[in-house]
Amino acid sequence: MNITFEKFAEKHIDKAVKLALAELEAEKRHCKDLPTEDFSKHLRKILHWLSNQPFGKAALKDDKLVGYLVFAGPWNGFFGDVKGVFSPLGGSAFSYDFKDRSKLASMLFENISEEFVKQNVFSCALSRYAHDEEIAKSFILNGFGIRCSDAIRELSNLALSSSLCSIDFVELSSNEFQKIRELRNGLVKHLAKSPIFYPTDMKKYEEWFQKDDMRVFVAQAEEKIIGFISLETDGENFITKHGKMQNICGAYFNEKYRGKGIAQNLLSFIVNTLKTEGITHLGVDYETLNPTALNFWSKYFSPYTYSFARRIDERVKL
C-alpha cells in the first residue's frame with residue numbers, strides 16, 4: 001500500500017475540509033435531524049487551529065490526501081493523572097474513495113501514538129460520527145471505548161405531552177442560579193458513583209453558576225425546586241455553532257420525584273419555549289457510561305457523535 005505520512009499543515013486544509021464535509025453528509029443520511037447549514041467555515045477554522053498542534057498526521061496516496069488525524073493538546077490531568085490529547089469532531093476524516101478506511105484510520109493512529117508515548121502523553125480521546133461504523137470499529141479494535149455522545153433533535157418534530165398539573169415549570173433568572181446548588185451537588189455525587197466514576201473540577205463547578213450564556217429551567221413542587229435542565233448556546237462541536245440551536249449542558253432531578261414524567265414535562269416546557277423564540281434545533285451531550293442519562297436522552301434525541309477514549313499504560317518505554 002503506497003501510503004506516506006507527513007505532518008498535518010496549512011497546505012492540507014482545503015482537501016481536508018472536503019473529506020470532512022463528505023463524512024458530515026454521510027452522517028446526515030443517518031441522522032435526519034442534523035441542520036442543513038454549510039459548515040465549511042467552521043471546519044476550516046478548526047483545521048487551521050489544529051494545523052498548529054504538535055500531534056497531527058496527513059495520509060497521502062500518490063500525493064493525494066486520503067485521510068488525516070490531528071489531536072490538540074497535551075493537557076495535564078486529562079482523564080487521569082497523566083497528560084492527554086483530544087481530537088474534536090472534524091479533527092479526523094478518511095476518504096470514502098480509499099479501499100480500506102478502517103485500516104487507514106488504524107495506520108494513522110499507529111503513526112501518531114508513537115509520538116504520544118515519546119512525549120509522555122498517555123491519555124487520548126477523539127470525537128467521531130455515530131454512524132460511521134467502519135471507523136468506530138477500527139478505533140475500538142485499537143483499544144478505545146465509547147465514553148460520551150452528542151445528540152440532536154429538530155424541534156418541529158419533537159412533540160411531548162404535558163399532563164402534570166401539580167408541578168410548575170419556570171425559567172430562572174441569572175441571579176437565581178444558586179437555588180439549584182443542592183441539585184447540582186446531587187449531580188456531582190451521582191457522576192462520582194459506579195459505573196460512571198466521573199470527578200468534578202470544583203473550580204469549574206463554581207464557575208458554572210456564573211455563566212453569562214446559560215439558561216436554567218426548573219420543575220417546582222410546592223415552591224420547592226425538584227429538578228433542572230440547563231442550556232447553553234454553544235456545545236462541544238462545530239455543529240452546535242448553528243445559529244438557531246440551543247444545547248442542554250446539565251440536568252438532575254430529586255430521586256423522590258423520578259419515574260413520574262416530570263423530566264419529560266420540563267423538557268416539553270423547554271421545547272415549547274424555544275419554538276416561540278425561533279430556535280429550530282436542540283442538542284444534548286451526555287456520558288454514555290451514565291445509564292440514567294443514556295436511557296433518558298436516547299428516548300428523545302438522535303446521536304450523531306460518539307467520543308472514544310483510550311488510556312495508554314504509562315509504564316511503557318520507547
# chains A, B, ... in the order shown; residues from 1 in each chain; ligands from 1
$ closest_atom_pairs --of "region 67-150 of chain A" --to "region 13-36 of chain A" --cutoff "8 Å" --atoms "only C-alpha atoms" --output "CSV"
residue,atom,partner,partner_atom,distance
A:Gly67,CA,A:Leu19,CA,7.5
A:Tyr68,CA,A:Ala16,CA,7.3
A:Gly90,CA,A:Ala20,CA,5.9
A:Ser92,CA,A:Ala20,CA,7.3
A:Ala93,CA,A:Ala20,CA,5.4
A:Phe94,CA,A:Leu19,CA,6.6
A:Ser95,CA,A:Leu19,CA,5.9
A:Tyr129,CA,A:Glu27,CA,6.6
A:Ala130,CA,A:Glu27,CA,7.6
A:His131,CA,A:Glu27,CA,6.3
A:Asp132,CA,A:Glu27,CA,7.4
$ write_last_selection --atoms "N, CA and C atoms" --output "PDB file, in the first residue's frame"
ATOM      1  N   GLY A  67      -6.619  10.924   4.003  1.00  0.00           N
ATOM      2  CA  GLY A  67      -7.064  10.913   5.386  1.00  0.00           C
ATOM      3  C   GLY A  67      -6.158  11.759   6.261  1.00  0.00           C
ATOM      4  N   TYR A  68      -6.670  12.121   7.421  1.00  0.00           N
ATOM      5  CA  TYR A  68      -5.864  12.864   8.388  1.00  0.00           C
ATOM      6  C   TYR A  68      -6.408  12.604   9.791  1.00  0.00           C
ATOM      7  N   GLY A  90     -14.325  16.686  13.307  1.00  0.00           N
ATOM      8  CA  GLY A  90     -13.674  17.396  12.213  1.00  0.00           C
ATOM      9  C   GLY A  90     -12.160  17.311  12.291  1.00  0.00           C
ATOM     10  N   SER A  92     -10.536  14.660  12.297  1.00  0.00           N
ATOM     11  CA  SER A  92     -10.118  13.482  11.542  1.00  0.00           C
ATOM     12  C   SER A  92     -11.117  13.241  10.426  1.00  0.00           C
ATOM     13  N   ALA A  93     -10.643  12.670   9.338  1.00  0.00           N
ATOM     14  CA  ALA A  93     -11.528  12.271   8.240  1.00  0.00           C
ATOM     15  C   ALA A  93     -10.768  11.294   7.356  1.00  0.00           C
ATOM     16  N   PHE A  94     -11.547  10.389   6.737  1.00  0.00           N
ATOM     17  CA  PHE A  94     -10.944   9.322   5.945  1.00  0.00           C
ATOM     18  C   PHE A  94     -11.746   9.168   4.654  1.00  0.00           C
ATOM     19  N   SER A  95     -11.060   9.212   3.534  1.00  0.00           N
ATOM     20  CA  SER A  95     -11.706   9.256   2.232  1.00  0.00           C
ATOM     21  C   SER A  95     -12.551   8.006   1.958  1.00  0.00           C
ATOM     22  N   TYR A 129     -18.276  10.562  14.085  1.00  0.00           N
ATOM     23  CA  TYR A 129     -19.704  10.445  13.792  1.00  0.00           C
ATOM     24  C   TYR A 129     -20.248   9.101  14.262  1.00  0.00           C
ATOM     25  N   ALA A 130     -21.448   9.148  14.806  1.00  0.00           N
ATOM     26  CA  ALA A 130     -22.020   7.974  15.467  1.00  0.00           C
ATOM     27  C   ALA A 130     -22.282   6.815  14.518  1.00  0.00           C
ATOM     28  N   HIS A 131     -22.560   7.116  13.265  1.00  0.00           N
ATOM     29  CA  HIS A 131     -22.957   6.053  12.342  1.00  0.00           C
ATOM     30  C   HIS A 131     -21.855   5.631  11.373  1.00  0.00           C
ATOM     31  N   ASP A 132     -20.648   6.123  11.597  1.00  0.00           N
ATOM     32  CA  ASP A 132     -19.516   5.681  10.777  1.00  0.00           C
ATOM     33  C   ASP A 132     -18.937   4.423  11.424  1.00  0.00           C
TER      34      ASP A 132
END
$ residues_around --residues "Gly84 (chain A)" --least-positions-apart "5" --cutoff "6 Å" --atoms "only C-alpha atoms" --output "list in words"
Pro74, Trp75, Phe78, Val121, Phe122, Ser123 and Cys124 of chain A
$ closest_atom_pairs --of "region 228-258 of chain A" --to "region 186-204 of chain A" --cutoff "12 Å" --atoms "only C-alpha atoms" --output "JSON lines"
{"residue": "A:Phe228", "atom": "CA", "partner": "A:Leu187", "partner_atom": "CA", "distance": 10.6}
{"residue": "A:Ile229", "atom": "CA", "partner": "A:Leu187", "partner_atom": "CA", "distance": 11.6}
{"residue": "A:Gly250", "atom": "CA", "partner": "A:Leu187", "partner_atom": "CA", "distance": 8.8}
{"residue": "A:Ala251", "atom": "CA", "partner": "A:Leu187", "partner_atom": "CA", "distance": 7.9}
{"residue": "A:Tyr252", "atom": "CA", "partner": "A:Leu187", "partner_atom": "CA", "distance": 6.0}
{"residue": "A:Phe253", "atom": "CA", "partner": "A:Leu187", "partner_atom": "CA", "distance": 8.6}
{"residue": "A:Asn254", "atom": "CA", "partner": "A:Gly186", "partner_atom": "CA", "distance": 8.1}
{"residue": "A:Glu255", "atom": "CA", "partner": "A:Gly186", "partner_atom": "CA", "distance": 9.4}
$ select_by_dssp --residues "region 57-257 of chain A" --states "strand (DSSP E)" --output "tab-separated table (two decimals) with N, CA and C atoms, in the first residue's frame"
chain	number	residue	atom	x	y	z
A	57	LYS	N	-1.24	14.08	11.69
A	57	LYS	CA	-0.66	13.45	10.51
A	57	LYS	C	-1.65	13.48	9.35
A	58	ALA	N	-1.10	13.68	8.17
A	58	ALA	CA	-1.85	13.57	6.93
A	58	ALA	C	-1.38	12.32	6.21
A	59	ALA	N	-2.33	11.55	5.67
A	59	ALA	CA	-2.01	10.36	4.90
A	59	ALA	C	-2.22	10.65	3.42
A	60	LEU	N	-1.21	10.37	2.63
A	60	LEU	CA	-1.27	10.63	1.19
A	60	LEU	C	-1.01	9.36	0.39
A	61	LYS	N	-1.78	9.19	-0.65
A	61	LYS	CA	-1.56	8.11	-1.60
A	61	LYS	C	-1.36	8.74	-2.96
A	64	LYS	N	-2.03	12.38	-3.05
A	64	LYS	CA	-3.41	12.82	-2.82
A	64	LYS	C	-3.79	12.55	-1.38
A	65	LEU	N	-4.37	13.57	-0.72
A	65	LEU	CA	-4.79	13.40	0.67
A	65	LEU	C	-5.94	12.41	0.75
A	66	VAL	N	-5.74	11.33	1.50
A	66	VAL	CA	-6.80	10.32	1.66
A	66	VAL	C	-7.29	10.23	3.11
A	67	GLY	N	-6.62	10.92	4.00
A	67	GLY	CA	-7.06	10.91	5.39
A	67	GLY	C	-6.16	11.76	6.26
A	68	TYR	N	-6.67	12.12	7.42
A	68	TYR	CA	-5.86	12.86	8.39
A	68	TYR	C	-6.41	12.60	9.79
A	69	LEU	N	-5.54	12.78	10.77
A	69	LEU	CA	-5.91	12.61	12.17
A	69	LEU	C	-5.05	13.57	12.98
A	70	VAL	N	-5.70	14.49	13.70
A	70	VAL	CA	-4.98	15.52	14.43
A	70	VAL	C	-5.54	15.62	15.85
A	71	PHE	N	-4.64	15.69	16.82
A	71	PHE	CA	-5.01	15.84	18.23
A	71	PHE	C	-4.51	17.18	18.76
A	72	ALA	N	-5.34	17.83	19.57
A	72	ALA	CA	-4.94	19.05	20.26
A	72	ALA	C	-4.43	18.70	21.64
A	73	GLY	N	-3.60	19.56	22.18
A	73	GLY	CA	-3.02	19.32	23.49
A	73	GLY	C	-1.51	19.25	23.38
A	74	PRO	N	-0.85	18.69	24.41
A	74	PRO	CA	-1.46	17.96	25.53
A	74	PRO	C	-1.82	18.85	26.71
A	75	TRP	N	-2.68	18.29	27.58
A	75	TRP	CA	-3.07	18.92	28.83
A	75	TRP	C	-2.78	17.97	29.97
A	76	ASN	N	-2.42	18.52	31.10
A	76	ASN	CA	-2.21	17.71	32.31
A	76	ASN	C	-3.55	17.32	32.91
A	83	LYS	N	-0.76	13.31	31.13
A	83	LYS	CA	-1.01	14.24	30.04
A	83	LYS	C	-1.90	13.55	29.00
A	84	GLY	N	-2.80	14.34	28.39
A	84	GLY	CA	-3.69	13.76	27.41
A	84	GLY	C	-3.97	14.71	26.25
A	85	VAL	N	-4.54	14.16	25.19
A	85	VAL	CA	-4.85	14.91	23.97
A	85	VAL	C	-6.25	14.57	23.49
A	86	PHE	N	-6.80	15.47	22.67
A	86	PHE	CA	-8.17	15.27	22.17
A	86	PHE	C	-8.27	15.71	20.71
A	87	SER	N	-8.96	14.91	19.91
A	87	SER	CA	-9.24	15.26	18.52
A	87	SER	C	-10.73	15.55	18.39
A	92	SER	N	-10.54	14.66	12.30
A	92	SER	CA	-10.12	13.48	11.54
A	92	SER	C	-11.12	13.24	10.43
A	93	ALA	N	-10.64	12.67	9.34
A	93	ALA	CA	-11.53	12.27	8.24
A	93	ALA	C	-10.77	11.29	7.36
A	94	PHE	N	-11.55	10.39	6.74
A	94	PHE	CA	-10.94	9.32	5.95
A	94	PHE	C	-11.75	9.17	4.65
A	121	VAL	N	2.62	11.33	26.74
A	121	VAL	CA	1.18	11.53	26.64
A	121	VAL	C	0.52	10.15	26.68
A	122	PHE	N	-0.28	9.91	27.70
A	122	PHE	CA	-0.81	8.55	27.89
A	122	PHE	C	-2.34	8.46	27.89
A	123	SER	N	-3.01	9.55	27.60
A	123	SER	CA	-4.46	9.53	27.52
A	123	SER	C	-4.87	10.24	26.24
A	124	CYS	N	-5.74	9.62	25.47
A	124	CYS	CA	-6.17	10.24	24.21
A	124	CYS	C	-7.66	9.98	23.98
A	125	ALA	N	-8.32	10.95	23.37
A	125	ALA	CA	-9.74	10.84	23.08
A	125	ALA	C	-10.02	11.52	21.75
A	126	LEU	N	-11.09	11.11	21.10
A	126	LEU	CA	-11.47	11.72	19.83
A	126	LEU	C	-12.96	11.61	19.62
A	127	SER	N	-13.52	12.54	18.88
A	127	SER	CA	-14.94	12.56	18.57
A	127	SER	C	-15.14	12.16	17.12
A	128	ARG	N	-16.08	11.23	16.91
A	128	ARG	CA	-16.35	10.72	15.56
A	128	ARG	C	-17.87	10.64	15.35
A	129	TYR	N	-18.28	10.56	14.09
A	129	TYR	CA	-19.70	10.45	13.79
A	129	TYR	C	-20.25	9.10	14.26
A	145	GLY	N	-12.65	3.00	23.88
A	145	GLY	CA	-14.02	2.70	24.30
A	145	GLY	C	-14.87	3.95	24.18
A	146	ILE	N	-16.16	3.77	23.93
A	146	ILE	CA	-17.06	4.92	23.82
A	146	ILE	C	-17.32	5.50	25.20
A	147	ARG	N	-17.22	6.82	25.31
A	147	ARG	CA	-17.36	7.49	26.59
A	147	ARG	C	-18.58	8.41	26.65
A	148	CYS	N	-18.83	9.15	25.58
A	148	CYS	CA	-19.95	10.09	25.61
A	148	CYS	C	-20.50	10.30	24.20
A	149	SER	N	-21.58	11.06	24.12
A	149	SER	CA	-22.26	11.24	22.84
A	149	SER	C	-22.85	12.64	22.74
A	150	ASP	N	-22.93	13.14	21.53
A	150	ASP	CA	-23.73	14.34	21.22
A	150	ASP	C	-24.96	13.85	20.47
A	151	ALA	N	-26.11	14.39	20.84
A	151	ALA	CA	-27.35	14.02	20.17
A	151	ALA	C	-28.13	15.29	19.84
A	152	ILE	N	-29.07	15.18	18.91
A	152	ILE	CA	-29.76	16.36	18.41
A	152	ILE	C	-31.21	16.04	18.08
A	153	ARG	N	-32.05	17.07	18.05
A	153	ARG	CA	-33.43	16.90	17.62
A	153	ARG	C	-33.91	18.19	16.98
A	154	GLU	N	-34.54	18.07	15.83
A	154	GLU	CA	-35.19	19.22	15.22
A	154	GLU	C	-36.51	19.45	15.95
A	168	ASP	N	-45.00	22.99	38.68
A	168	ASP	CA	-44.78	24.23	37.94
A	168	ASP	C	-43.44	24.18	37.23
A	169	PHE	N	-43.40	24.74	36.02
A	169	PHE	CA	-42.18	24.79	35.24
A	169	PHE	C	-41.86	26.23	34.92
A	170	VAL	N	-40.68	26.68	35.28
A	170	VAL	CA	-40.30	28.08	35.07
A	170	VAL	C	-38.84	28.17	34.67
A	171	GLU	N	-38.46	29.32	34.09
A	171	GLU	CA	-37.05	29.61	33.82
A	171	GLU	C	-36.53	30.55	34.88
A	172	LEU	N	-35.39	30.23	35.45
A	172	LEU	CA	-34.78	31.08	36.47
A	172	LEU	C	-34.05	32.25	35.81
A	214	MET	N	-25.80	30.99	29.94
A	214	MET	CA	-26.55	29.80	30.35
A	214	MET	C	-27.99	30.15	30.73
A	215	ARG	N	-28.88	29.22	30.46
A	215	ARG	CA	-30.28	29.34	30.89
A	215	ARG	C	-30.61	28.11	31.74
A	216	VAL	N	-31.39	28.33	32.77
A	216	VAL	CA	-31.75	27.23	33.66
A	216	VAL	C	-33.27	27.17	33.80
A	217	PHE	N	-33.82	26.01	33.46
A	217	PHE	CA	-35.25	25.75	33.60
A	217	PHE	C	-35.45	24.75	34.74
A	218	VAL	N	-36.49	24.97	35.56
A	218	VAL	CA	-36.68	24.11	36.72
A	218	VAL	C	-38.12	23.63	36.83
A	219	ALA	N	-38.25	22.52	37.55
A	219	ALA	CA	-39.56	22.00	37.93
A	219	ALA	C	-39.73	22.26	39.42
A	220	GLN	N	-40.91	22.75	39.82
A	220	GLN	CA	-41.17	23.08	41.22
A	220	GLN	C	-42.40	22.35	41.73
A	221	ALA	N	-42.29	21.82	42.93
A	221	ALA	CA	-43.43	21.18	43.61
A	221	ALA	C	-43.59	21.87	44.95
A	224	LYS	N	-40.87	24.21	45.92
A	224	LYS	CA	-39.54	23.64	46.08
A	224	LYS	C	-39.03	23.15	44.73
A	225	ILE	N	-37.81	23.55	44.38
A	225	ILE	CA	-37.24	23.11	43.11
A	225	ILE	C	-36.83	21.66	43.22
A	226	ILE	N	-37.36	20.81	42.34
A	226	ILE	CA	-37.11	19.36	42.41
A	226	ILE	C	-36.32	18.84	41.21
A	227	GLY	N	-36.05	19.69	40.25
A	227	GLY	CA	-35.28	19.25	39.09
A	227	GLY	C	-34.93	20.42	38.20
A	228	PHE	N	-33.86	20.27	37.41
A	228	PHE	CA	-33.47	21.35	36.49
A	228	PHE	C	-32.89	20.77	35.21
A	229	ILE	N	-32.97	21.57	34.16
A	229	ILE	CA	-32.27	21.33	32.90
A	229	ILE	C	-31.67	22.66	32.49
A	230	SER	N	-30.37	22.67	32.22
A	230	SER	CA	-29.70	23.91	31.83
A	230	SER	C	-29.31	23.87	30.36
A	231	LEU	N	-29.29	25.05	29.74
A	231	LEU	CA	-28.96	25.18	28.32
A	231	LEU	C	-27.84	26.19	28.11
A	232	GLU	N	-27.07	25.98	27.05
A	232	GLU	CA	-26.08	26.95	26.61
A	232	GLU	C	-26.20	27.12	25.11
A	245	MET	N	-29.73	27.02	17.32
A	245	MET	CA	-29.63	25.80	18.11
A	245	MET	C	-29.26	26.13	19.55
A	246	GLN	N	-29.88	25.44	20.49
A	246	GLN	CA	-29.52	25.51	21.90
A	246	GLN	C	-29.06	24.12	22.33
A	247	ASN	N	-28.27	24.06	23.42
A	247	ASN	CA	-27.66	22.80	23.82
A	247	ASN	C	-27.83	22.55	25.31
A	248	ILE	N	-28.36	21.40	25.64
A	248	ILE	CA	-28.52	21.01	27.03
A	248	ILE	C	-27.16	20.66	27.62
A	249	CYS	N	-26.82	21.29	28.73
A	249	CYS	CA	-25.49	21.11	29.31
A	249	CYS	C	-25.53	20.58	30.73
A	250	GLY	N	-26.71	20.24	31.23
A	250	GLY	CA	-26.81	19.69	32.57
A	250	GLY	C	-28.26	19.40	32.94
A	251	ALA	N	-28.47	18.39	33.75
A	251	ALA	CA	-29.81	18.05	34.20
A	251	ALA	C	-29.73	17.15	35.43
A	252	TYR	N	-30.66	17.35	36.33
A	252	TYR	CA	-30.73	16.48	37.51
A	252	TYR	C	-32.09	16.67	38.18
A	253	PHE	N	-32.64	15.54	38.71
A	253	PHE	CA	-33.94	15.58	39.36
A	253	PHE	C	-33.86	14.84	40.69
$ select_by_dssp --residues "region 173-216 of chain A" --states "alpha helix (DSSP H)" --output "MDAnalysis selection string"
chainID A and resid 181:192 202:208
$ closest_residue --among "A:Val284, A:Asn290, A:Leu50, A:Lys41" --to "Ser302 (chain A)" --atoms "only C-alpha atoms"
A:Val284
$ closest_residue --among "A:Phe296, A:Phe269, A:Phe116, A:Trp208" --to "Val316 (chain A)" --atoms "only C-alpha atoms"
A:Phe116
$ atom_distance --atom1 "CA of Lys317 (chain A)" --atom2 "CA of Ile135 (chain A)"
28.0 Å
$ atom_distance --atom1 "CA of Leu108 (chain A)" --atom2 "CA of Phe5 (chain A)"
8.0 Å
$ residues_around --residues "region 240-242 of chain A" --least-positions-apart "3" --cutoff "9 Å" --atoms "only C-alpha atoms" --output "PDB file with all heavy atoms, in the first residue's frame"
ATOM      1  N   PRO A  35     -28.825  19.887  11.101  1.00  0.00           N
ATOM      2  CA  PRO A  35     -29.142  21.059  10.275  1.00  0.00           C
ATOM      3  C   PRO A  35     -28.462  20.989   8.910  1.00  0.00           C
ATOM      4  O   PRO A  35     -27.416  20.360   8.748  1.00  0.00           O
ATOM      5  CB  PRO A  35     -28.601  22.239  11.105  1.00  0.00           C
ATOM      6  CG  PRO A  35     -27.604  21.638  12.035  1.00  0.00           C
ATOM      7  CD  PRO A  35     -28.062  20.248  12.310  1.00  0.00           C
ATOM      8  N   GLU A  37     -27.182  23.464   7.248  1.00  0.00           N
ATOM      9  CA  GLU A  37     -26.227  24.569   7.085  1.00  0.00           C
ATOM     10  C   GLU A  37     -24.891  24.088   6.507  1.00  0.00           C
ATOM     11  O   GLU A  37     -24.459  22.964   6.754  1.00  0.00           O
ATOM     12  CB  GLU A  37     -25.987  25.224   8.454  1.00  0.00           C
ATOM     13  CG  GLU A  37     -25.000  26.379   8.446  1.00  0.00           C
ATOM     14  CD  GLU A  37     -24.790  26.958   9.831  1.00  0.00           C
ATOM     15  OE1 GLU A  37     -25.688  26.800  10.681  1.00  0.00           O
ATOM     16  OE2 GLU A  37     -23.731  27.571  10.064  1.00  0.00           O
ATOM     17  N   PHE A  39     -21.197  24.009   6.857  1.00  0.00           N
ATOM     18  CA  PHE A  39     -20.281  24.197   7.978  1.00  0.00           C
ATOM     19  C   PHE A  39     -18.820  24.329   7.523  1.00  0.00           C
ATOM     20  O   PHE A  39     -17.903  24.152   8.319  1.00  0.00           O
ATOM     21  CB  PHE A  39     -20.401  23.018   8.951  1.00  0.00           C
ATOM     22  CG  PHE A  39     -21.672  23.032   9.754  1.00  0.00           C
ATOM     23  CD1 PHE A  39     -22.752  22.230   9.389  1.00  0.00           C
ATOM     24  CD2 PHE A  39     -21.790  23.845  10.871  1.00  0.00           C
ATOM     25  CE1 PHE A  39     -23.923  22.237  10.127  1.00  0.00           C
ATOM     26  CE2 PHE A  39     -22.959  23.861  11.616  1.00  0.00           C
ATOM     27  CZ  PHE A  39     -24.029  23.059  11.244  1.00  0.00           C
ATOM     28  N   HIS A  42     -16.657  26.749   9.581  1.00  0.00           N
ATOM     29  CA  HIS A  42     -16.365  26.232  10.920  1.00  0.00           C
ATOM     30  C   HIS A  42     -15.261  25.177  10.852  1.00  0.00           C
ATOM     31  O   HIS A  42     -14.344  25.167  11.683  1.00  0.00           O
ATOM     32  CB  HIS A  42     -17.627  25.642  11.543  1.00  0.00           C
ATOM     33  CG  HIS A  42     -18.716  26.639  11.767  1.00  0.00           C
ATOM     34  ND1 HIS A  42     -18.626  27.634  12.706  1.00  0.00           N
ATOM     35  CD2 HIS A  42     -19.917  26.802  11.172  1.00  0.00           C
ATOM     36  CE1 HIS A  42     -19.724  28.367  12.693  1.00  0.00           C
ATOM     37  NE2 HIS A  42     -20.522  27.889  11.768  1.00  0.00           N
ATOM     38  N   THR A 233     -25.682  28.227  24.615  1.00  0.00           N
ATOM     39  CA  THR A 233     -25.743  28.485  23.172  1.00  0.00           C
ATOM     40  C   THR A 233     -24.839  27.533  22.408  1.00  0.00           C
ATOM     41  O   THR A 233     -25.233  26.954  21.394  1.00  0.00           O
ATOM     42  CB  THR A 233     -25.334  29.938  22.872  1.00  0.00           C
ATOM     43  OG1 THR A 233     -26.188  30.823  23.601  1.00  0.00           O
ATOM     44  CG2 THR A 233     -25.448  30.232  21.380  1.00  0.00           C
ATOM     45  N   ASP A 234     -23.602  27.381  22.879  1.00  0.00           N
ATOM     46  CA  ASP A 234     -22.633  26.519  22.203  1.00  0.00           C
ATOM     47  C   ASP A 234     -22.473  25.199  22.939  1.00  0.00           C
ATOM     48  O   ASP A 234     -22.576  25.137  24.168  1.00  0.00           O
ATOM     49  CB  ASP A 234     -21.265  27.200  22.116  1.00  0.00           C
ATOM     50  CG  ASP A 234     -21.275  28.382  21.161  1.00  0.00           C
ATOM     51  OD1 ASP A 234     -22.141  28.415  20.273  1.00  0.00           O
ATOM     52  OD2 ASP A 234     -20.417  29.270  21.319  1.00  0.00           O
ATOM     53  N   GLY A 235     -22.195  24.145  22.161  1.00  0.00           N
ATOM     54  CA  GLY A 235     -21.911  22.843  22.733  1.00  0.00           C
ATOM     55  C   GLY A 235     -20.453  22.487  22.521  1.00  0.00           C
ATOM     56  O   GLY A 235     -19.589  23.367  22.493  1.00  0.00           O
ATOM     57  N   GLU A 236     -20.191  21.216  22.302  1.00  0.00           N
ATOM     58  CA  GLU A 236     -18.809  20.743  22.267  1.00  0.00           C
ATOM     59  C   GLU A 236     -18.312  20.375  20.876  1.00  0.00           C
ATOM     60  O   GLU A 236     -17.300  19.709  20.751  1.00  0.00           O
ATOM     61  CB  GLU A 236     -18.669  19.549  23.224  1.00  0.00           C
ATOM     62  CG  GLU A 236     -18.940  19.931  24.679  1.00  0.00           C
ATOM     63  CD  GLU A 236     -18.635  18.811  25.646  1.00  0.00           C
ATOM     64  OE1 GLU A 236     -18.388  17.676  25.170  1.00  0.00           O
ATOM     65  OE2 GLU A 236     -18.641  19.058  26.856  1.00  0.00           O
ATOM     66  N   ASN A 237     -19.012  20.803  19.817  1.00  0.00           N
ATOM     67  CA  ASN A 237     -18.516  20.570  18.463  1.00  0.00           C
ATOM     68  C   ASN A 237     -19.059  21.637  17.522  1.00  0.00           C
ATOM     69  O   ASN A 237     -19.918  22.443  17.903  1.00  0.00           O
ATOM     70  CB  ASN A 237     -18.879  19.159  17.981  1.00  0.00           C
ATOM     71  CG  ASN A 237     -20.377  18.956  17.897  1.00  0.00           C
ATOM     72  OD1 ASN A 237     -21.055  19.579  17.078  1.00  0.00           O
ATOM     73  ND2 ASN A 237     -20.923  18.095  18.737  1.00  0.00           N
ATOM     74  N   MET A 245     -29.727  27.024  17.322  1.00  0.00           N
ATOM     75  CA  MET A 245     -29.629  25.800  18.107  1.00  0.00           C
ATOM     76  C   MET A 245     -29.264  26.128  19.553  1.00  0.00           C
ATOM     77  O   MET A 245     -28.461  27.014  19.816  1.00  0.00           O
ATOM     78  CB  MET A 245     -28.571  24.865  17.505  1.00  0.00           C
ATOM     79  CG  MET A 245     -28.408  23.540  18.217  1.00  0.00           C
ATOM     80  SD  MET A 245     -27.281  22.463  17.278  1.00  0.00           S
ATOM     81  CE  MET A 245     -27.186  21.040  18.378  1.00  0.00           C
ATOM     82  N   GLN A 246     -29.881  25.438  20.487  1.00  0.00           N
ATOM     83  CA  GLN A 246     -29.523  25.507  21.897  1.00  0.00           C
ATOM     84  C   GLN A 246     -29.056  24.119  22.327  1.00  0.00           C
ATOM     85  O   GLN A 246     -29.402  23.107  21.694  1.00  0.00           O
ATOM     86  CB  GLN A 246     -30.718  25.935  22.742  1.00  0.00           C
ATOM     87  CG  GLN A 246     -31.141  27.378  22.516  1.00  0.00           C
ATOM     88  CD  GLN A 246     -30.251  28.362  23.258  1.00  0.00           C
ATOM     89  OE1 GLN A 246     -30.116  28.308  24.468  1.00  0.00           O
ATOM     90  NE2 GLN A 246     -29.646  29.277  22.515  1.00  0.00           N
ATOM     91  N   ASN A 247     -28.273  24.057  23.416  1.00  0.00           N
ATOM     92  CA  ASN A 247     -27.660  22.799  23.817  1.00  0.00           C
ATOM     93  C   ASN A 247     -27.827  22.551  25.314  1.00  0.00           C
ATOM     94  O   ASN A 247     -27.479  23.407  26.132  1.00  0.00           O
ATOM     95  CB  ASN A 247     -26.169  22.831  23.467  1.00  0.00           C
ATOM     96  CG  ASN A 247     -25.946  23.052  21.987  1.00  0.00           C
ATOM     97  OD1 ASN A 247     -26.000  22.120  21.194  1.00  0.00           O
ATOM     98  ND2 ASN A 247     -25.723  24.309  21.598  1.00  0.00           N
ATOM     99  N   HIS A 281     -33.341  23.808  16.556  1.00  0.00           N
ATOM    100  CA  HIS A 281     -32.695  22.562  16.955  1.00  0.00           C
ATOM    101  C   HIS A 281     -32.288  22.611  18.422  1.00  0.00           C
ATOM    102  O   HIS A 281     -31.909  23.662  18.946  1.00  0.00           O
ATOM    103  CB  HIS A 281     -31.449  22.296  16.105  1.00  0.00           C
ATOM    104  CG  HIS A 281     -31.745  21.962  14.681  1.00  0.00           C
ATOM    105  ND1 HIS A 281     -32.078  22.917  13.747  1.00  0.00           N
ATOM    106  CD2 HIS A 281     -31.763  20.763  14.024  1.00  0.00           C
ATOM    107  CE1 HIS A 281     -32.285  22.334  12.574  1.00  0.00           C
ATOM    108  NE2 HIS A 281     -32.100  21.024  12.716  1.00  0.00           N
ATOM    109  N   LEU A 282     -32.368  21.451  19.055  1.00  0.00           N
ATOM    110  CA  LEU A 282     -31.930  21.310  20.440  1.00  0.00           C
ATOM    111  C   LEU A 282     -30.959  20.139  20.507  1.00  0.00           C
ATOM    112  O   LEU A 282     -31.232  19.059  19.981  1.00  0.00           O
ATOM    113  CB  LEU A 282     -33.126  21.046  21.363  1.00  0.00           C
ATOM    114  CG  LEU A 282     -32.823  20.923  22.865  1.00  0.00           C
ATOM    115  CD1 LEU A 282     -32.209  22.203  23.404  1.00  0.00           C
ATOM    116  CD2 LEU A 282     -34.110  20.586  23.633  1.00  0.00           C
ATOM    117  N   GLY A 283     -29.815  20.379  21.130  1.00  0.00           N
ATOM    118  CA  GLY A 283     -28.804  19.335  21.261  1.00  0.00           C
ATOM    119  C   GLY A 283     -28.561  18.986  22.715  1.00  0.00           C
ATOM    120  O   GLY A 283     -28.932  19.728  23.625  1.00  0.00           O
TER     121      GLY A 283
END
$ closest_residue --among "A:Asn157, A:Ser166, A:Arg258, A:Arg315" --to "Phe301 (chain A)" --atoms "only C-alpha atoms"
A:Asn157
